[in-house]
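Worksheet for the structure shown next.
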Amino acid sequence: MDKPTFTIRRAESSDAEAMQKIFSGPKAIRGTLQLPYPSIDRWRKRLAEPPEGSFNLLVCVDDEAVGQLGLFTLPQNPRRRHVGQIGMAIRDDWQGKGAGSALMSAAMDMADNWLNLSRLELEVYTDNEPAIRLYKKFGFVTEGTLYRFAYRDGQFVDVFAMARLRENSG
Ligand SMILES: CC(C)(COP(=O)(O)OP(=O)(O)OC[C@H]1O[C@@H](n2cnc3c(N)ncnc32)[C@H](O)[C@@H]1OP(=O)(O)O)[C@@H](O)C(=O)NCCC(=O)NCCS
């Protein structure tokens with residue numbers, strides 16, 4: 001199969017169905033803090049009223065959204081204006097095909113070249129090998145472990161706190 005062509009764009013409230021589909025997958029739920037049975041209505045509201053300073057990017061194949069990345073900045077906190085927080089998920093049937101890397105490239109460009117963020121941070125379950133590999137590929141390092149961070153499928157699970165500090169940015 002030819003390598004798919006990925007395009008990146010901002011999410012709109014009309015993307016609620018695609019978001020619901022992305023977060024209906026067992027792997028997408030397992031890797032994030034989302035709950036099973038996501039609601040299209042709830043996503044429509046979330047997409048229509050994004051928090052100030054948040055950038056919700058979609059990765060698309062032939063105009064169909066197959067993954068999402070949220071980049072959250074902290075404009076209300078003057079001393080953390082250099083920070084961005086990241087969460088993402090690729091639809092289960094599109095994982096492992098490069099969509100996550102395409103989204104991360106776009107988010108890193110946004111953070112470095114447009115928002116001037118010098119610290120990006122995220123949490124990832126300690127057993128989520130594909131995600132940890134993806135983040136390391138983009139320069140994230142593990143800063144520590146947060147124990148019993150979330151409840152997942154009947155048990156508490158730990159996360160790694162990971163961050164990417166941009167060189168020469170003070
Ligand atoms: C984690 C996730 C975002 C990665 O996106 P993806 O599109 O699957 O990743 P890519 O295909 O771009 O691959 C990125 C890297 O991950 C690693 N990777 C991908 N699939 C893997 C797998 N099954 N096992 C181990 N490593 C894997 C590879 O190192 C790969 O880089 P390389 O191929 O250049 O070496 C995606 O799998 C996902 O959404 N998972 C469920 C939700 C989730 O875990 N979100 C992250 C929350 S912190």
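Ordering of the structure tokens sets the chain letters (A, B, ...), residue numbers begin anew at 1 in every chain, and ligands are numbered from 1 in the order given.
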(message) Could you list, as a PyMOL selection string, all protein and nucleic acid residues with an atom at most 8 Å from ligand 1, counting only C-alpha atoms and all ligand atoms?
(response) chain A and resi 27-32+67+87-92+94-102+122-125+128-135+137
(message) Which residues are close to segment 158-169 of chain A, i.e. within 8 Å by only C-alpha atoms, leaving aside same-chain residues fewer than 4 positions away? Reply as a list in words.
(response)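 My reading of the contact set: Asp112, Leu117, Ser118, Arg119, Leu120, Glu121, Leu122, Glu123, Val124, Tyr125, Thr126, Gly139, Phe140, Val141, Thr142, Glu143, Gly144, Thr145, Leu146, Tyr147, Arg148, Phe149 and Ala150 of chain A.
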Those same residues - C-alpha atoms - I'd like them written as a PDB file, in the first residue's frame.
```pdb
ATOM      1  CA  ASP A 112       8.549  26.450  18.323  1.00  0.00           C
ATOM      2  CA  LEU A 117       6.913  27.850  23.740  1.00  0.00           C
ATOM      3  CA  SER A 118      10.099  26.552  25.294  1.00  0.00           C
ATOM      4  CA  ARG A 119       8.691  23.822  27.535  1.00  0.00           C
ATOM      5  CA  LEU A 120       6.211  21.211  26.311  1.00  0.00           C
ATOM      6  CA  GLU A 121       4.849  18.724  28.816  1.00  0.00           C
ATOM      7  CA  LEU A 122       2.609  15.665  28.860  1.00  0.00           C
ATOM      8  CA  GLU A 123       1.754  12.559  30.824  1.00  0.00           C
ATOM      9  CA  VAL A 124       1.841   9.088  29.317  1.00  0.00           C
ATOM     10  CA  TYR A 125       0.968   5.720  30.873  1.00  0.00           C
ATOM     11  CA  THR A 126       4.171   3.901  31.725  1.00  0.00           C
ATOM     12  CA  GLY A 139      12.802  15.166  21.854  1.00  0.00           C
ATOM     13  CA  PHE A 140      10.731  14.516  24.979  1.00  0.00           C
ATOM     14  CA  VAL A 141      12.508  13.069  28.003  1.00  0.00           C
ATOM     15  CA  THR A 142      11.099  11.396  31.099  1.00  0.00           C
ATOM     16  CA  GLU A 143      11.200  13.676  34.140  1.00  0.00           C
ATOM     17  CA  GLY A 144       9.586  11.340  36.644  1.00  0.00           C
ATOM     18  CA  THR A 145       6.826   8.904  37.495  1.00  0.00           C
ATOM     19  CA  LEU A 146       3.441   9.873  38.911  1.00  0.00           C
ATOM     20  CA  TYR A 147       2.011   6.898  40.776  1.00  0.00           C
ATOM     21  CA  ARG A 148      -1.647   5.818  40.702  1.00  0.00           C
ATOM     22  CA  PHE A 149      -2.274   8.786  38.419  1.00  0.00           C
ATOM     23  CA  ALA A 150      -5.513   7.495  36.873  1.00  0.00           C
TER      24      ALA A 150
END
```
(request) Please run DSSP on the backbone and report, as number ranges by chain, all residues within segment 42-130 of chain A that come out as strand (DSSP E). (result) A: 54-61, 64-73, 83-90, 119-125
I need the residues from that last selection saved to file as an mmCIF file, in the first residue's frame (with N, CA and C atoms), if you can.
```
data_model
loop_
_atom_site.group_PDB
_atom_site.id
_atom_site.type_symbol
_atom_site.label_atom_id
_atom_site.label_comp_id
_atom_site.auth_asym_id
_atom_site.auth_seq_id
_atom_site.Cartn_x
_atom_site.Cartn_y
_atom_site.Cartn_z
ATOM 1 N N SER A 54 -6.051 27.310 23.554
ATOM 2 C CA SER A 54 -5.941 25.899 23.167
ATOM 3 C C SER A 54 -6.008 25.771 21.646
ATOM 4 N N PHE A 55 -5.262 24.818 21.135
ATOM 5 C CA PHE A 55 -5.190 24.584 19.693
ATOM 6 C C PHE A 55 -5.483 23.119 19.460
ATOM 7 N N ASN A 56 -6.607 22.872 18.818
ATOM 8 C CA ASN A 56 -7.029 21.502 18.592
ATOM 9 C C ASN A 56 -6.765 21.163 17.131
ATOM 10 N N LEU A 57 -5.754 20.328 16.888
ATOM 11 C CA LEU A 57 -5.365 20.004 15.511
ATOM 12 C C LEU A 57 -5.854 18.611 15.136
ATOM 13 N N LEU A 58 -6.221 18.470 13.862
ATOM 14 C CA LEU A 58 -6.658 17.162 13.354
ATOM 15 C C LEU A 58 -5.700 16.705 12.266
ATOM 16 N N VAL A 59 -5.488 15.399 12.190
ATOM 17 C CA VAL A 59 -4.764 14.828 11.056
ATOM 18 C C VAL A 59 -5.804 14.119 10.182
ATOM 19 N N CYS A 60 -5.754 14.417 8.876
ATOM 20 C CA CYS A 60 -6.787 13.904 7.959
ATOM 21 C C CYS A 60 -6.158 13.089 6.838
ATOM 22 N N VAL A 61 -6.945 12.103 6.369
ATOM 23 C CA VAL A 61 -6.591 11.332 5.180
ATOM 24 C C VAL A 61 -7.782 11.467 4.238
ATOM 25 N N GLU A 64 -10.795 13.006 5.683
ATOM 26 C CA GLU A 64 -11.412 12.373 6.853
ATOM 27 C C GLU A 64 -10.465 12.499 8.060
ATOM 28 N N ALA A 65 -10.985 13.039 9.164
ATOM 29 C CA ALA A 65 -10.139 13.207 10.350
ATOM 30 C C ALA A 65 -9.912 11.855 11.015
ATOM 31 N N VAL A 66 -8.634 11.483 11.202
ATOM 32 C CA VAL A 66 -8.317 10.178 11.792
ATOM 33 C C VAL A 66 -7.506 10.297 13.083
ATOM 34 N N GLY A 67 -7.278 11.532 13.531
ATOM 35 C CA GLY A 67 -6.541 11.709 14.784
ATOM 36 C C GLY A 67 -6.596 13.147 15.235
ATOM 37 N N GLN A 68 -6.327 13.330 16.523
ATOM 38 C CA GLN A 68 -6.479 14.655 17.128
ATOM 39 C C GLN A 68 -5.351 14.924 18.106
ATOM 40 N N LEU A 69 -4.907 16.170 18.147
ATOM 41 C CA LEU A 69 -3.907 16.580 19.139
ATOM 42 C C LEU A 69 -4.340 17.924 19.727
ATOM 43 N N GLY A 70 -4.392 17.997 21.045
ATOM 44 C CA GLY A 70 -4.702 19.261 21.722
ATOM 45 C C GLY A 70 -3.412 19.842 22.286
ATOM 46 N N LEU A 71 -3.140 21.099 21.926
ATOM 47 C CA LEU A 71 -1.997 21.824 22.490
ATOM 48 C C LEU A 71 -2.585 22.954 23.331
ATOM 49 N N PHE A 72 -2.342 22.883 24.636
ATOM 50 C CA PHE A 72 -2.957 23.841 25.562
ATOM 51 C C PHE A 72 -1.877 24.771 26.101
ATOM 52 N N THR A 73 -2.087 26.058 25.912
ATOM 53 C CA THR A 73 -1.159 27.022 26.502
ATOM 54 C C THR A 73 -1.839 27.655 27.716
ATOM 55 N N VAL A 83 4.919 27.609 28.455
ATOM 56 C CA VAL A 83 4.604 26.174 28.566
ATOM 57 C C VAL A 83 3.432 25.783 27.669
ATOM 58 N N GLY A 84 3.522 24.596 27.082
ATOM 59 C CA GLY A 84 2.400 24.005 26.353
ATOM 60 C C GLY A 84 2.180 22.586 26.846
ATOM 61 N N GLN A 85 0.911 22.198 26.956
ATOM 62 C CA GLN A 85 0.592 20.835 27.397
ATOM 63 C C GLN A 85 -0.079 20.095 26.245
ATOM 64 N N ILE A 86 0.262 18.824 26.115
ATOM 65 C CA ILE A 86 -0.172 18.070 24.925
ATOM 66 C C ILE A 86 -0.944 16.810 25.297
ATOM 67 N N GLY A 87 -2.007 16.553 24.536
ATOM 68 C CA GLY A 87 -2.722 15.272 24.620
ATOM 69 C C GLY A 87 -3.125 14.885 23.205
ATOM 70 N N MET A 88 -3.128 13.592 22.899
ATOM 71 C CA MET A 88 -3.449 13.221 21.517
ATOM 72 C C MET A 88 -3.999 11.797 21.414
ATOM 73 N N ALA A 89 -4.674 11.527 20.319
ATOM 74 C CA ALA A 89 -5.101 10.155 20.018
ATOM 75 C C ALA A 89 -5.325 10.009 18.516
ATOM 76 N N ILE A 90 -4.896 8.880 18.012
ATOM 77 C CA ILE A 90 -5.149 8.487 16.621
ATOM 78 C C ILE A 90 -6.226 7.409 16.655
ATOM 79 N N ARG A 119 8.851 25.065 26.769
ATOM 80 C CA ARG A 119 8.691 23.822 27.535
ATOM 81 C C ARG A 119 7.354 23.195 27.139
ATOM 82 N N LEU A 120 7.427 21.959 26.615
ATOM 83 C CA LEU A 120 6.211 21.211 26.311
ATOM 84 C C LEU A 120 6.136 20.055 27.286
ATOM 85 N N GLU A 121 4.943 19.791 27.813
ATOM 86 C CA GLU A 121 4.849 18.724 28.816
ATOM 87 C C GLU A 121 3.632 17.839 28.556
ATOM 88 N N LEU A 122 3.715 16.622 29.023
ATOM 89 C CA LEU A 122 2.609 15.665 28.860
ATOM 90 C C LEU A 122 2.765 14.530 29.860
ATOM 91 N N GLU A 123 1.691 13.785 30.023
ATOM 92 C CA GLU A 123 1.754 12.559 30.824
ATOM 93 C C GLU A 123 1.398 11.378 29.930
ATOM 94 N N VAL A 124 2.085 10.278 30.137
ATOM 95 C CA VAL A 124 1.841 9.088 29.317
ATOM 96 C C VAL A 124 1.900 7.854 30.222
ATOM 97 N N TYR A 125 0.958 6.938 30.059
ATOM 98 C CA TYR A 125 0.968 5.720 30.873
ATOM 99 C C TYR A 125 2.292 4.987 30.679
#
```
(message) Restricting the calculation to only C-alpha atoms: of A:Arg46, A:Arg80, A:Asp93, A:Tyr151, which residue gets closest to Ser14 of chain A?
(response)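 Closest to Ser14 of chain A, using only C-alpha atoms: A:Arg46.
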(message) Report, in Å to a single decimal, how far apart atom CA of Gln76 of chain A and atom CA of Glu52 of chain A are.
(response)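 Separation of atom CA of Glu52 of chain A and atom CA of Gln76 of chain A: 8.6 Å.
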